[in-house]
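structure_2.cif follows (mmCIF, C-alpha atoms and all ligand atoms):
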```
data_model
#
loop_
_atom_site.label_atom_id
_atom_site.label_comp_id
_atom_site.auth_asym_id
_atom_site.auth_seq_id
_atom_site.Cartn_x
_atom_site.Cartn_y
_atom_site.Cartn_z
CA MET A 1 -151.25 -148.89 189.35
CA ASN A 2 -147.90 -148.61 191.16
CA ASN A 3 -146.90 -152.03 189.95
CA LEU A 4 -147.58 -150.95 186.41
CA LYS A 5 -145.32 -147.92 186.80
CA ILE A 6 -142.53 -150.02 188.23
CA ASN A 7 -142.95 -152.55 185.46
CA SER A 8 -142.74 -149.98 182.70
CA ALA A 9 -139.78 -148.25 184.35
CA PHE A 10 -138.07 -151.61 184.44
CA LEU A 11 -138.86 -152.20 180.77
CA VAL A 12 -137.43 -148.82 179.75
CA HIS A 13 -134.31 -149.57 181.74
CA LYS A 14 -134.03 -152.93 180.02
CA GLN A 15 -134.41 -151.37 176.55
CA TYR A 16 -131.77 -148.75 177.38
CA LYS A 17 -129.34 -151.46 178.43
CA LYS A 18 -130.00 -153.30 175.17
CA ILE A 19 -129.40 -150.18 173.08
CA THR A 20 -126.16 -149.22 174.81
CA PHE A 21 -124.99 -152.78 174.45
CA ALA A 22 -125.87 -152.74 170.74
CA ALA A 23 -124.10 -149.41 170.26
CA LYS A 24 -120.99 -150.66 172.02
CA TYR A 25 -121.10 -153.87 170.05
CA THR A 26 -121.50 -152.04 166.72
CA LYS A 27 -118.64 -149.70 167.63
CA ASP A 28 -116.43 -152.63 168.45
CA TYR A 29 -117.50 -154.41 165.31
CA PHE A 30 -116.67 -151.43 163.12
CA SER A 31 -113.34 -151.00 164.92
CA ILE A 32 -112.58 -154.64 164.26
CA CYS A 33 -113.38 -154.18 160.57
CA GLY A 34 -111.10 -151.13 160.54
CA ILE A 35 -113.92 -148.67 159.70
CA ASN A 36 -113.38 -145.20 161.01
CA MET A 37 -116.10 -144.40 163.53
CA LYS A 38 -115.69 -140.66 162.85
CA PHE A 39 -116.63 -141.23 159.23
CA ILE A 40 -119.71 -143.21 160.24
CA LYS A 41 -120.77 -140.46 162.64
CA LYS A 42 -120.30 -137.80 159.96
CA TYR A 43 -122.26 -139.85 157.50
CA PHE A 44 -125.13 -140.30 159.96
CA LEU A 45 -125.16 -136.60 160.79
CA PHE A 46 -125.36 -135.74 157.11
CA TYR A 47 -128.12 -138.30 156.61
CA GLN A 48 -130.08 -136.98 159.60
CA THR A 49 -129.89 -133.38 158.33
CA TYR A 50 -131.02 -134.52 154.90
CA ILE A 51 -134.06 -136.33 156.32
CA LEU A 52 -134.87 -133.33 158.52
CA LEU A 53 -134.71 -130.94 155.57
CA ILE A 54 -136.90 -133.13 153.37
CA GLY A 55 -139.41 -133.36 156.22
CA LEU A 56 -139.37 -129.60 156.64
CA ILE A 57 -139.94 -128.97 152.94
CA MET A 58 -142.76 -131.50 152.84
CA SER A 59 -144.52 -130.12 155.88
CA THR A 60 -144.31 -126.49 154.71
CA ASN A 61 -145.68 -127.67 151.38
CA ILE A 62 -148.59 -129.37 153.09
CA LEU A 63 -149.16 -126.32 155.24
CA ALA A 64 -149.08 -124.03 152.22
CA GLN A 65 -151.55 -126.29 150.45
CA ASP A 66 -153.83 -126.17 153.46
CA ALA A 67 -153.54 -122.44 153.98
CA ARG A 68 -154.37 -121.49 150.45
CA PHE A 69 -158.03 -121.67 149.53
CA THR A 70 -158.19 -122.84 145.92
CA VAL A 71 -161.21 -122.19 143.75
CA VAL A 72 -161.44 -123.80 140.33
CA LEU A 73 -163.48 -121.86 137.78
CA ASP A 74 -164.73 -123.83 134.81
CA ALA A 75 -166.07 -122.08 131.73
CA GLY A 76 -168.20 -124.77 130.08
CA HIS A 77 -167.43 -125.92 126.51
CA GLY A 78 -164.84 -124.21 124.29
CA GLY A 79 -162.90 -124.78 121.07
CA HIS A 80 -164.76 -127.02 118.64
CA ASP A 81 -167.53 -127.46 121.23
CA PRO A 82 -169.56 -124.24 121.15
CA GLY A 83 -172.22 -125.42 123.63
CA ALA A 84 -175.69 -124.00 123.02
CA ILE A 85 -175.97 -121.59 120.12
CA GLY A 86 -178.18 -118.51 120.23
CA SER A 87 -179.09 -116.07 117.52
CA ILE A 88 -176.41 -113.53 118.39
CA SER A 89 -174.05 -115.45 120.67
CA ARG A 90 -172.52 -118.81 121.60
CA GLU A 91 -172.61 -120.43 125.01
CA LYS A 92 -168.84 -121.03 125.21
CA ASP A 93 -168.12 -117.29 124.85
CA ILE A 94 -170.69 -116.20 127.46
CA ASN A 95 -169.37 -118.81 129.93
CA LEU A 96 -165.77 -117.72 129.43
CA SER A 97 -166.51 -114.00 129.83
CA VAL A 98 -168.37 -114.58 133.08
CA VAL A 99 -165.59 -116.84 134.40
CA LEU A 100 -162.87 -114.30 133.56
CA ASP A 101 -164.86 -111.48 135.20
CA LEU A 102 -165.49 -113.60 138.29
CA GLY A 103 -161.86 -114.76 138.52
CA ALA A 104 -160.58 -111.18 138.26
CA MET A 105 -162.88 -110.10 141.11
CA ILE A 106 -161.68 -112.92 143.38
CA GLU A 107 -157.99 -112.31 142.54
CA LYS A 108 -158.36 -108.61 143.21
CA ASN A 109 -160.07 -109.01 146.57
CA TYR A 110 -158.47 -112.13 148.07
CA LYS A 111 -154.74 -112.48 148.61
CA ASP A 112 -155.29 -115.86 150.30
CA VAL A 113 -157.21 -117.45 147.43
CA LYS A 114 -155.67 -119.21 144.49
CA VAL A 115 -157.85 -119.02 141.38
CA VAL A 116 -157.41 -121.85 138.91
CA TYR A 117 -159.11 -121.68 135.50
CA THR A 118 -159.85 -124.82 133.52
CA ARG A 119 -159.53 -122.57 130.48
CA LYS A 120 -158.77 -118.89 129.97
CA THR A 121 -159.06 -119.03 126.21
CA ASP A 122 -161.32 -120.56 123.60
CA LYS A 123 -160.03 -124.11 123.89
CA TYR A 124 -161.58 -127.54 124.16
CA LEU A 125 -161.22 -129.70 127.25
CA THR A 126 -162.91 -132.99 128.02
CA LEU A 127 -165.08 -133.25 131.13
CA GLN A 128 -162.52 -135.64 132.62
CA GLU A 129 -159.71 -133.12 132.09
CA ARG A 130 -161.76 -130.49 133.90
CA ALA A 131 -162.43 -132.82 136.84
CA ASP A 132 -158.70 -133.71 136.97
CA ILE A 133 -157.78 -130.03 137.30
CA VAL A 134 -160.03 -129.80 140.36
CA ASN A 135 -158.43 -132.76 142.12
CA ASN A 136 -154.83 -132.09 141.10
CA ASN A 137 -155.15 -128.64 142.64
CA HIS A 138 -156.78 -129.94 145.84
CA ALA A 139 -159.55 -127.42 145.25
CA SER A 140 -161.70 -126.10 148.08
CA LEU A 141 -164.50 -125.06 145.72
CA PHE A 142 -165.47 -125.84 142.13
CA ILE A 143 -167.71 -123.55 140.08
CA CYS A 144 -168.84 -124.53 136.58
CA ILE A 145 -170.49 -121.88 134.44
CA HIS A 146 -172.93 -122.77 131.67
CA THR A 147 -175.73 -121.19 129.69
CA ASN A 148 -179.05 -122.93 129.24
CA ALA A 149 -181.09 -123.60 126.12
CA SER A 150 -184.61 -124.80 125.57
CA GLN A 151 -186.83 -125.81 122.67
CA SER A 152 -189.21 -123.11 123.77
CA SER A 153 -187.97 -119.56 123.40
CA SER A 154 -190.16 -118.45 126.28
CA ALA A 155 -188.15 -120.31 128.96
CA TYR A 156 -185.88 -118.02 130.95
CA GLY A 157 -184.22 -117.58 134.32
CA ALA A 158 -181.12 -118.69 136.20
CA GLU A 159 -180.62 -121.94 138.09
CA THR A 160 -177.81 -123.61 140.01
CA PHE A 161 -177.23 -127.35 140.11
CA THR A 162 -175.53 -129.63 142.57
CA LEU A 163 -174.78 -133.27 141.94
CA GLY A 164 -177.63 -135.68 142.55
CA LEU A 165 -180.27 -137.79 140.94
CA ALA A 166 -182.52 -135.59 138.80
CA LYS A 167 -186.01 -135.52 140.27
CA SER A 168 -187.64 -134.08 137.17
CA LYS A 169 -187.32 -134.58 133.44
CA ALA A 170 -186.35 -130.93 133.03
CA ASN A 171 -183.36 -131.36 135.34
CA LEU A 172 -182.33 -134.59 133.64
CA ASP A 173 -182.56 -132.87 130.25
CA VAL A 174 -180.08 -130.21 131.35
CA ALA A 175 -177.61 -132.82 132.62
CA MET A 176 -177.99 -134.90 129.45
CA ARG A 177 -177.34 -131.88 127.27
CA GLU A 178 -174.28 -130.81 129.26
CA ASN A 179 -172.91 -134.36 129.49
CA SER A 180 -173.41 -134.93 125.76
CA VAL A 181 -170.01 -133.32 125.07
CA ILE A 182 -168.61 -136.69 126.16
CA LEU A 183 -169.81 -138.04 122.82
CA LEU A 184 -167.28 -135.81 121.07
CA GLU A 185 -164.53 -138.06 122.43
CA LYS A 186 -163.64 -141.13 120.36
CA ASP A 187 -162.99 -143.56 123.18
CA TYR A 188 -165.62 -142.24 125.56
CA LYS A 189 -166.97 -145.71 126.39
CA THR A 190 -163.72 -146.88 128.01
CA LYS A 191 -162.73 -143.48 129.33
CA TYR A 192 -166.03 -142.90 131.10
CA LYS A 193 -166.36 -146.51 132.22
CA GLY A 194 -169.49 -147.31 130.26
CA PHE A 195 -171.32 -144.10 131.18
CA ASP A 196 -173.53 -143.20 128.24
CA PRO A 197 -174.61 -139.55 128.51
CA ALA A 198 -177.56 -140.20 126.19
CA SER A 199 -179.03 -143.14 128.10
CA VAL A 200 -181.38 -142.47 131.01
CA ASP A 201 -180.24 -145.73 132.65
CA SER A 202 -176.71 -144.42 133.02
CA TYR A 203 -177.95 -141.76 135.39
CA ILE A 204 -178.98 -144.28 138.05
CA MET A 205 -175.36 -144.27 139.26
CA PHE A 206 -175.89 -140.80 140.70
CA GLU A 207 -178.55 -142.12 143.08
CA PHE A 208 -176.08 -144.21 145.03
CA MET A 209 -173.31 -141.70 145.06
CA GLN A 210 -172.18 -140.58 148.48
CA ASP A 211 -171.30 -136.92 148.36
CA LYS A 212 -170.06 -135.62 151.66
CA TYR A 213 -169.93 -132.09 150.31
CA ILE A 214 -173.58 -132.02 149.27
CA ASP A 215 -174.77 -129.75 152.11
CA LYS A 216 -172.11 -127.17 151.41
CA SER A 217 -172.80 -127.37 147.68
CA ILE A 218 -176.51 -126.79 148.25
CA ASP A 219 -175.85 -123.91 150.64
CA PHE A 220 -173.57 -122.22 148.15
CA SER A 221 -176.11 -122.77 145.34
CA SER A 222 -178.84 -121.08 147.37
CA ILE A 223 -176.68 -118.02 148.04
CA ILE A 224 -175.85 -117.78 144.33
CA GLN A 225 -179.56 -117.94 143.43
CA LYS A 226 -180.37 -115.23 145.98
CA GLN A 227 -177.69 -113.00 144.50
CA PHE A 228 -178.97 -113.63 140.96
CA VAL A 229 -182.32 -112.26 142.08
CA SER A 230 -181.15 -109.38 144.27
CA TYR A 231 -178.11 -108.23 142.33
CA SER A 232 -178.71 -109.27 138.73
CA ARG A 233 -182.51 -109.19 138.88
CA ARG A 234 -182.86 -112.55 137.23
CA SER A 235 -185.78 -114.88 137.50
CA ASP A 236 -185.06 -117.59 140.07
CA ARG A 237 -185.47 -121.13 138.77
CA GLY A 238 -184.07 -122.45 142.01
CA VAL A 239 -181.46 -124.89 143.24
CA ARG A 240 -181.70 -128.22 141.46
CA GLN A 241 -179.97 -131.56 141.35
CA ALA A 242 -178.90 -133.69 138.41
CA GLY A 243 -176.15 -136.05 137.32
CA PHE A 244 -173.40 -133.90 135.85
CA TRP A 245 -170.28 -135.91 135.05
CA VAL A 246 -167.98 -132.96 135.64
CA LEU A 247 -169.21 -132.59 139.23
CA HIS A 248 -169.15 -136.19 140.33
CA ARG A 249 -165.39 -136.79 140.72
CA SER A 250 -164.52 -133.58 142.52
CA ALA A 251 -163.60 -133.88 146.19
CA CYS A 252 -164.94 -130.50 147.28
CA PRO A 253 -168.18 -128.49 147.24
CA SER A 254 -169.14 -128.18 143.57
CA VAL A 255 -171.86 -126.34 141.70
CA LEU A 256 -172.91 -125.90 138.11
CA VAL A 257 -174.56 -122.60 137.24
CA GLU A 258 -176.91 -122.20 134.30
CA LEU A 259 -176.81 -118.43 133.84
CA GLY A 260 -179.96 -118.18 131.76
CA PHE A 261 -181.44 -119.18 128.42
CA ILE A 262 -179.61 -118.37 125.23
CA SER A 263 -182.77 -119.51 123.46
CA ASN A 264 -184.77 -116.63 124.94
CA PRO A 265 -184.19 -113.47 122.87
CA ALA A 266 -184.37 -111.09 125.83
CA GLU A 267 -182.19 -113.19 128.07
CA GLU A 268 -179.68 -113.83 125.31
CA ARG A 269 -179.23 -110.10 124.80
CA PHE A 270 -178.64 -109.66 128.51
CA LEU A 271 -176.15 -112.53 128.74
CA ALA A 272 -174.32 -111.53 125.57
CA SER A 273 -173.81 -107.96 126.83
CA ASP A 274 -170.77 -106.86 128.84
CA ARG A 275 -173.04 -105.50 131.50
CA GLY A 276 -175.07 -108.67 131.80
CA GLN A 277 -171.93 -110.81 132.04
CA ASN A 278 -170.46 -108.51 134.66
CA GLU A 279 -173.67 -108.56 136.70
CA MET A 280 -173.81 -112.36 136.66
CA ALA A 281 -170.14 -112.57 137.67
CA THR A 282 -170.67 -110.06 140.47
CA ALA A 283 -173.64 -112.01 141.81
CA ILE A 284 -171.53 -115.18 141.97
CA PHE A 285 -168.65 -113.22 143.51
CA ASN A 286 -170.94 -111.94 146.26
CA ALA A 287 -172.05 -115.49 146.97
CA PHE A 288 -168.37 -116.50 147.07
CA VAL A 289 -167.74 -113.84 149.76
CA ASP A 290 -170.33 -115.54 152.00
CA PHE A 291 -169.03 -119.02 151.26
CA LYS A 292 -165.41 -118.07 151.97
CA ARG A 293 -166.33 -116.33 155.21
CA SER A 294 -168.14 -119.35 156.61
CA HIS A 295 -165.36 -121.65 155.32
CA ASP A 296 -162.77 -119.60 157.26
CA LYS A 297 -164.94 -119.59 160.34
CA MET A 298 -165.46 -123.34 160.29
CA SER A 299 -161.79 -124.11 159.74
CA GLY A 300 -160.84 -121.77 162.60
CA ARG A 301 -158.75 -119.54 160.37
CA PRO A 302 -158.73 -115.77 160.61
CA THR A 303 -161.41 -114.44 158.31
CA THR A 304 -160.40 -112.32 155.37
CA HIS A 305 -162.64 -109.29 155.49
CA VAL A 306 -163.96 -108.77 152.02
CA SER A 307 -167.19 -106.91 151.38
CA LYS A 308 -169.72 -107.80 148.77
CA ILE A 309 -169.80 -105.61 145.70
CA GLU A 310 -172.63 -103.13 146.05
CA LYS A 311 -174.77 -102.09 143.16
CA PRO A 312 -173.32 -98.93 141.63
CA VAL A 313 -175.28 -95.76 142.43
CA ASN A 314 -176.33 -95.44 138.81
CA PHE A 315 -177.38 -99.07 138.61
CA GLU A 316 -180.97 -98.08 137.94
CA GLU A 317 -179.97 -95.54 135.31
CA PRO A 318 -180.79 -96.67 131.81
CA LEU A 319 -177.70 -97.29 129.70
CA LYS A 320 -177.99 -96.73 126.01
CA ASN A 321 -179.41 -99.85 124.35
CA GLU A 322 -178.81 -101.89 127.43
CA THR A 323 -181.11 -100.73 130.17
CA LEU A 324 -182.56 -103.29 132.48
CA GLN A 325 -184.80 -100.81 134.16
CA ASN A 326 -187.95 -102.26 132.81
CA VAL A 327 -187.17 -105.87 133.40
CA ILE A 328 -189.73 -107.15 135.76
CA ASN A 329 -188.23 -108.57 138.90
CA LEU A 330 -190.01 -111.84 139.34
CA PRO A 331 -190.56 -112.70 142.96
CA VAL A 332 -188.44 -115.43 144.45
CA GLU A 333 -190.27 -118.71 144.55
CA ASN A 334 -192.28 -119.19 147.72
CA GLU A 335 -191.99 -115.54 148.59
CA LEU A 336 -195.00 -113.29 148.59
CA VAL A 337 -194.79 -110.18 146.49
CA SER A 338 -195.22 -107.17 148.66
CA GLU A 339 -197.49 -104.37 147.51
CA SER A 340 -194.67 -101.84 147.65
CA LYS A 341 -192.66 -103.91 145.23
CA LEU A 342 -195.47 -103.97 142.74
CA LYS A 343 -196.20 -100.28 142.70
CA ASN A 344 -193.26 -99.18 140.63
CA ILE A 345 -193.34 -101.99 138.16
CA GLU A 346 -194.73 -100.96 134.85
CA VAL A 347 -193.56 -103.24 132.08
CA VAL A 348 -191.79 -106.09 131.47
CA SER A 349 -189.09 -107.40 129.15
CA LEU A 350 -185.54 -106.54 128.22
CA ASP A 351 -186.47 -106.58 124.56
CA ASN A 352 -188.44 -103.43 125.12
CA VAL A 353 -185.19 -101.62 125.52
CA PHE A 354 -184.39 -102.24 121.91
CA ASN A 355 -187.69 -100.73 120.84
CA LYS A 356 -188.74 -103.87 119.14
CA PRO A 357 -192.30 -105.02 119.68
CA VAL A 358 -192.41 -107.78 122.27
CA TYR A 359 -195.42 -110.06 122.15
CA LYS A 360 -196.83 -111.68 125.24
CA ILE A 361 -199.89 -113.69 126.13
CA GLN A 362 -202.14 -112.13 128.72
CA LEU A 363 -203.69 -114.91 130.78
CA PHE A 364 -205.92 -112.93 133.15
CA ALA A 365 -206.08 -109.81 135.29
CA THR A 366 -206.75 -109.64 138.99
CA THR A 367 -206.44 -107.40 142.02
CA LYS A 368 -204.77 -110.28 143.84
CA THR A 369 -201.03 -110.74 144.17
CA LEU A 370 -200.11 -114.28 143.22
CA LYS A 371 -197.12 -116.45 144.00
CA PRO A 372 -195.36 -117.80 140.88
CA ASN A 373 -196.44 -121.32 141.83
CA SER A 374 -200.02 -120.33 142.57
CA SER A 375 -202.66 -122.81 141.47
CA GLU A 376 -204.34 -120.03 139.46
CA PHE A 377 -201.65 -120.46 136.83
CA LYS A 378 -202.83 -124.05 136.34
CA GLY A 379 -199.30 -125.39 136.30
CA LEU A 380 -197.84 -122.82 133.88
CA LYS A 381 -194.33 -121.74 134.79
CA ASN A 382 -192.49 -118.45 134.28
CA THR A 383 -195.48 -116.16 134.30
CA GLU A 384 -194.90 -112.42 134.52
CA TYR A 385 -197.12 -109.51 135.41
CA PHE A 386 -197.48 -105.83 134.80
CA VAL A 387 -199.73 -103.28 136.42
CA GLU A 388 -202.40 -101.48 134.45
CA GLY A 389 -205.51 -99.70 135.64
CA GLY A 390 -204.90 -100.86 139.20
CA LEU A 391 -204.92 -104.50 138.11
CA LYS A 392 -202.12 -107.01 138.04
CA LYS A 393 -202.13 -108.49 134.57
CA TYR A 394 -200.44 -111.85 134.38
CA THR A 395 -198.72 -112.89 131.17
CA ILE A 396 -196.68 -115.69 129.73
CA GLY A 397 -194.16 -115.80 126.89
CA SER A 398 -191.95 -113.12 125.47
CA GLU A 399 -191.42 -113.20 121.72
CA THR A 400 -190.30 -110.75 119.10
CA ASP A 401 -191.78 -112.97 116.42
CA TYR A 402 -195.55 -112.95 116.00
CA ALA A 403 -195.63 -116.53 114.69
CA GLU A 404 -193.82 -117.69 117.83
CA ILE A 405 -196.26 -116.03 120.21
CA GLU A 406 -199.13 -117.61 118.27
CA LYS A 407 -197.61 -120.99 119.15
CA VAL A 408 -197.42 -120.03 122.81
CA ARG A 409 -201.07 -118.98 122.72
CA LYS A 410 -202.12 -122.29 121.18
CA ASP A 411 -200.26 -124.11 123.95
CA VAL A 412 -202.11 -122.33 126.74
CA LEU A 413 -205.57 -122.13 125.16
CA SER A 414 -206.78 -125.38 126.69
CA LYS A 415 -206.09 -123.95 130.16
CA PHE A 416 -206.91 -120.30 129.46
CA PRO A 417 -209.43 -120.09 126.58
CA GLN A 418 -209.58 -116.29 126.97
CA ALA A 419 -205.81 -115.79 126.64
CA PHE A 420 -204.89 -113.15 124.09
CA ILE A 421 -201.83 -111.54 122.56
CA ILE A 422 -200.56 -108.18 123.79
CA VAL A 423 -197.56 -106.13 122.67
CA PHE A 424 -195.11 -103.73 124.23
CA VAL A 425 -192.65 -101.35 122.67
CA GLY A 426 -190.42 -99.90 125.31
CA THR A 427 -192.66 -99.32 128.29
CA LYS A 428 -195.62 -98.62 126.05
CA LYS A 429 -198.36 -101.08 125.33
CA ILE A 430 -199.48 -100.90 121.72
CA SER A 431 -202.00 -102.79 119.63
CA VAL A 432 -201.06 -105.94 117.77
CA LYS A 433 -202.06 -104.23 114.52
CA GLU A 434 -199.60 -101.37 115.17
CA ALA A 435 -196.87 -103.82 116.12
CA LEU A 436 -197.32 -105.79 112.91
CA THR A 437 -196.98 -102.65 110.80
CA ILE A 438 -193.74 -101.75 112.64
CA THR A 439 -192.19 -105.15 112.00
CA LYS A 440 -193.26 -105.27 108.35
ZN ZN A 501 -173.23 -125.97 128.74
#
```

Kindly return the structure encoded in the file as structure tokens.
Amino acid sequence: MNNLKINSAFLVHKQYKKITFAAKYTKDYFSICGINMKFIKKYFLFYQTYILLIGLIMSTNILAQDARFTVVLDAGHGGHDPGAIGSISREKDINLSVVLDLGAMIEKNYKDVKVVYTRKTDKYLTLQERADIVNNNHASLFICIHTNASQSSSAYGAETFTLGLAKSKANLDVAMRENSVILLEKDYKTKYKGFDPASVDSYIMFEFMQDKYIDKSIDFSSIIQKQFVSYSRRSDRGVRQAGFWVLHRSACPSVLVELGFISNPAEERFLASDRGQNEMATAIFNAFVDFKRSHDKMSGRPTTHVSKIEKPVNFEEPLKNETLQNVINLPVENELVSESKLKNIEVVSLDNVFNKPVYKIQLFATTKTLKPNSSEFKGLKNTEYFVEGGLKKYTIGSETDYAEIEKVRKDVLSKFPQAFIIVFVGTKKISVKEALTITK
């Protein structure tokens, strides 16, 4: 040990000797060449200061980049790409309104967060351009907002996706529909390196993708879904995975929200309304509060104390033409409905608010409280219930068009031969005959 110390001390001494010799030699050399040593010294001093300054600027820049939490908000579609089209609204407009509401909430509450929008107006961007914005801004979080659509008008509810290999056809369908905007680009085959959004085979690539942010993305998705249920009273379709191009290049936790179905008349009205858009944005904002807090904690930074937005006192008050009071709050998947929750629930869909008859299919009535995935529904999804005569009456479908509800009934008859059509206007159940005379 001692020998080692002596050896290294000797080495340092040797190096020092070499350097002083070199310095002396250089000085002599310059003197010989007639170069003024003072000038050389000045030049080196200037050079040193320059290097120091550059270093300082660079390091403060890096620090600033690190200190600022950047969230990129992406309103899906835009410009000549309208996204899904409903009967009274377009997906691109709903997405943008929710993004602008959400961005304003974050900007107002967080001084230490930089909000970057992929678009703030009705303009078209390719998926690659959106992904580039995320990486060029060294984003800490990426949130894409979309609105769902389905062939069946009875599908409804909100879901949040993270990147992954779709485990069901339904999930793959959503990704294929959202990725299909790639086809609007002329040179998509070279630009997207052979990825064909319409070919199932292309999606295999997502199976082998290593995503080190997946846990954080899933955590954030679950908080969003919880907020959709508790704040916006949406039906929870859960956290899902599928191969979305826009998510796969981003080097940060990334989620894609499907707010609800534009193809469902009741849900479209909710999503097209200012109130609905604000409620969806608030739910995502509240989830952001949780995400940011745990991000600060994990990175050892002082936490910014921001509270979640509480429901306004008059939240339950019916607003003219827009009340959500009677929307049934479907229980969260895998959660038992408590008796107390059921007691105050009368009836059912948002369409009732508009005093239009809403047709549903009653499947059966029971005293039992069933989970949404209960085997008694024989695999049917998105069932609802209302309480009448002390019984829970379970229904499926929600249509303002009689012909449409007939189709739903035909679809379920093999499983529930006794299923029949019922109608609500407002909170009142009326007969089908009455309803048909109203709509005539
Ligand atoms: Zn979309």

Shell around A:Val289 at 8 Å using only C-alpha atoms, local window under 2 positions removed, as a list in words: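 The residues satisfying every condition are Phe285, Asn286, Ala287, Phe291, Lys292, Arg293, Val306, Ser307 and Lys308 of chain A.
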
Can I get the residues of chain A within 10 Å of ligand ZN 501 (chain A), each with the closest pair of atoms and their distance in Å to one decimal, using all atoms listed in the file, sorted chain first then ascending number, as a Markdown table?
```
| residue | atom | partner | partner_atom | distance |
| --- | --- | --- | --- | --- |
| A:Ala75 | CA | A:ZN501 | ZN | 8.7 |
| A:Gly76 | CA | A:ZN501 | ZN | 5.3 |
| A:His77 | CA | A:ZN501 | ZN | 6.2 |
| A:Gly78 | CA | A:ZN501 | ZN | 9.7 |
| A:Asp81 | CA | A:ZN501 | ZN | 9.5 |
| A:Pro82 | CA | A:ZN501 | ZN | 8.6 |
| A:Gly83 | CA | A:ZN501 | ZN | 5.2 |
| A:Ala84 | CA | A:ZN501 | ZN | 6.5 |
| A:Glu91 | CA | A:ZN501 | ZN | 6.7 |
| A:Lys92 | CA | A:ZN501 | ZN | 7.5 |
| A:Asn95 | CA | A:ZN501 | ZN | 8.2 |
| A:Cys144 | CA | A:ZN501 | ZN | 9.1 |
| A:Ile145 | CA | A:ZN501 | ZN | 7.5 |
| A:His146 | CA | A:ZN501 | ZN | 4.3 |
| A:Thr147 | CA | A:ZN501 | ZN | 5.5 |
| A:Asn148 | CA | A:ZN501 | ZN | 6.6 |
| A:Ala149 | CA | A:ZN501 | ZN | 8.6 |
| A:Val174 | CA | A:ZN501 | ZN | 8.5 |
| A:Ala175 | CA | A:ZN501 | ZN | 9.0 |
| A:Arg177 | CA | A:ZN501 | ZN | 7.3 |
| A:Glu178 | CA | A:ZN501 | ZN | 5.0 |
| A:Asn179 | CA | A:ZN501 | ZN | 8.4 |
| A:Ser180 | CA | A:ZN501 | ZN | 9.4 |
| A:Val181 | CA | A:ZN501 | ZN | 8.8 |
| A:Leu256 | CA | A:ZN501 | ZN | 9.4 |
| A:Val257 | CA | A:ZN501 | ZN | 9.2 |
| A:Glu258 | CA | A:ZN501 | ZN | 7.7 |
| A:Leu259 | CA | A:ZN501 | ZN | 9.8 |
```

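You will find atom CA of A:Asn382 at 14.2 Å from atom CA of A:Val229.
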
Of the listed residues A:Arg269, A:Arg233, A:Lys120, A:His248, that which approaches A:Phe206 most closely, counting all atoms listed in the file: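 Closest to A:Phe206, using all atoms listed in the file: A:His248.
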
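Residues of protein, DNA and RNA with at least one atom no farther than 8 Å from (-153.1, -119.4, 143.0) are, using all atoms listed in the file, A:Arg68, A:Thr70, A:Val113, A:Lys114, A:Val115, A:Val116.
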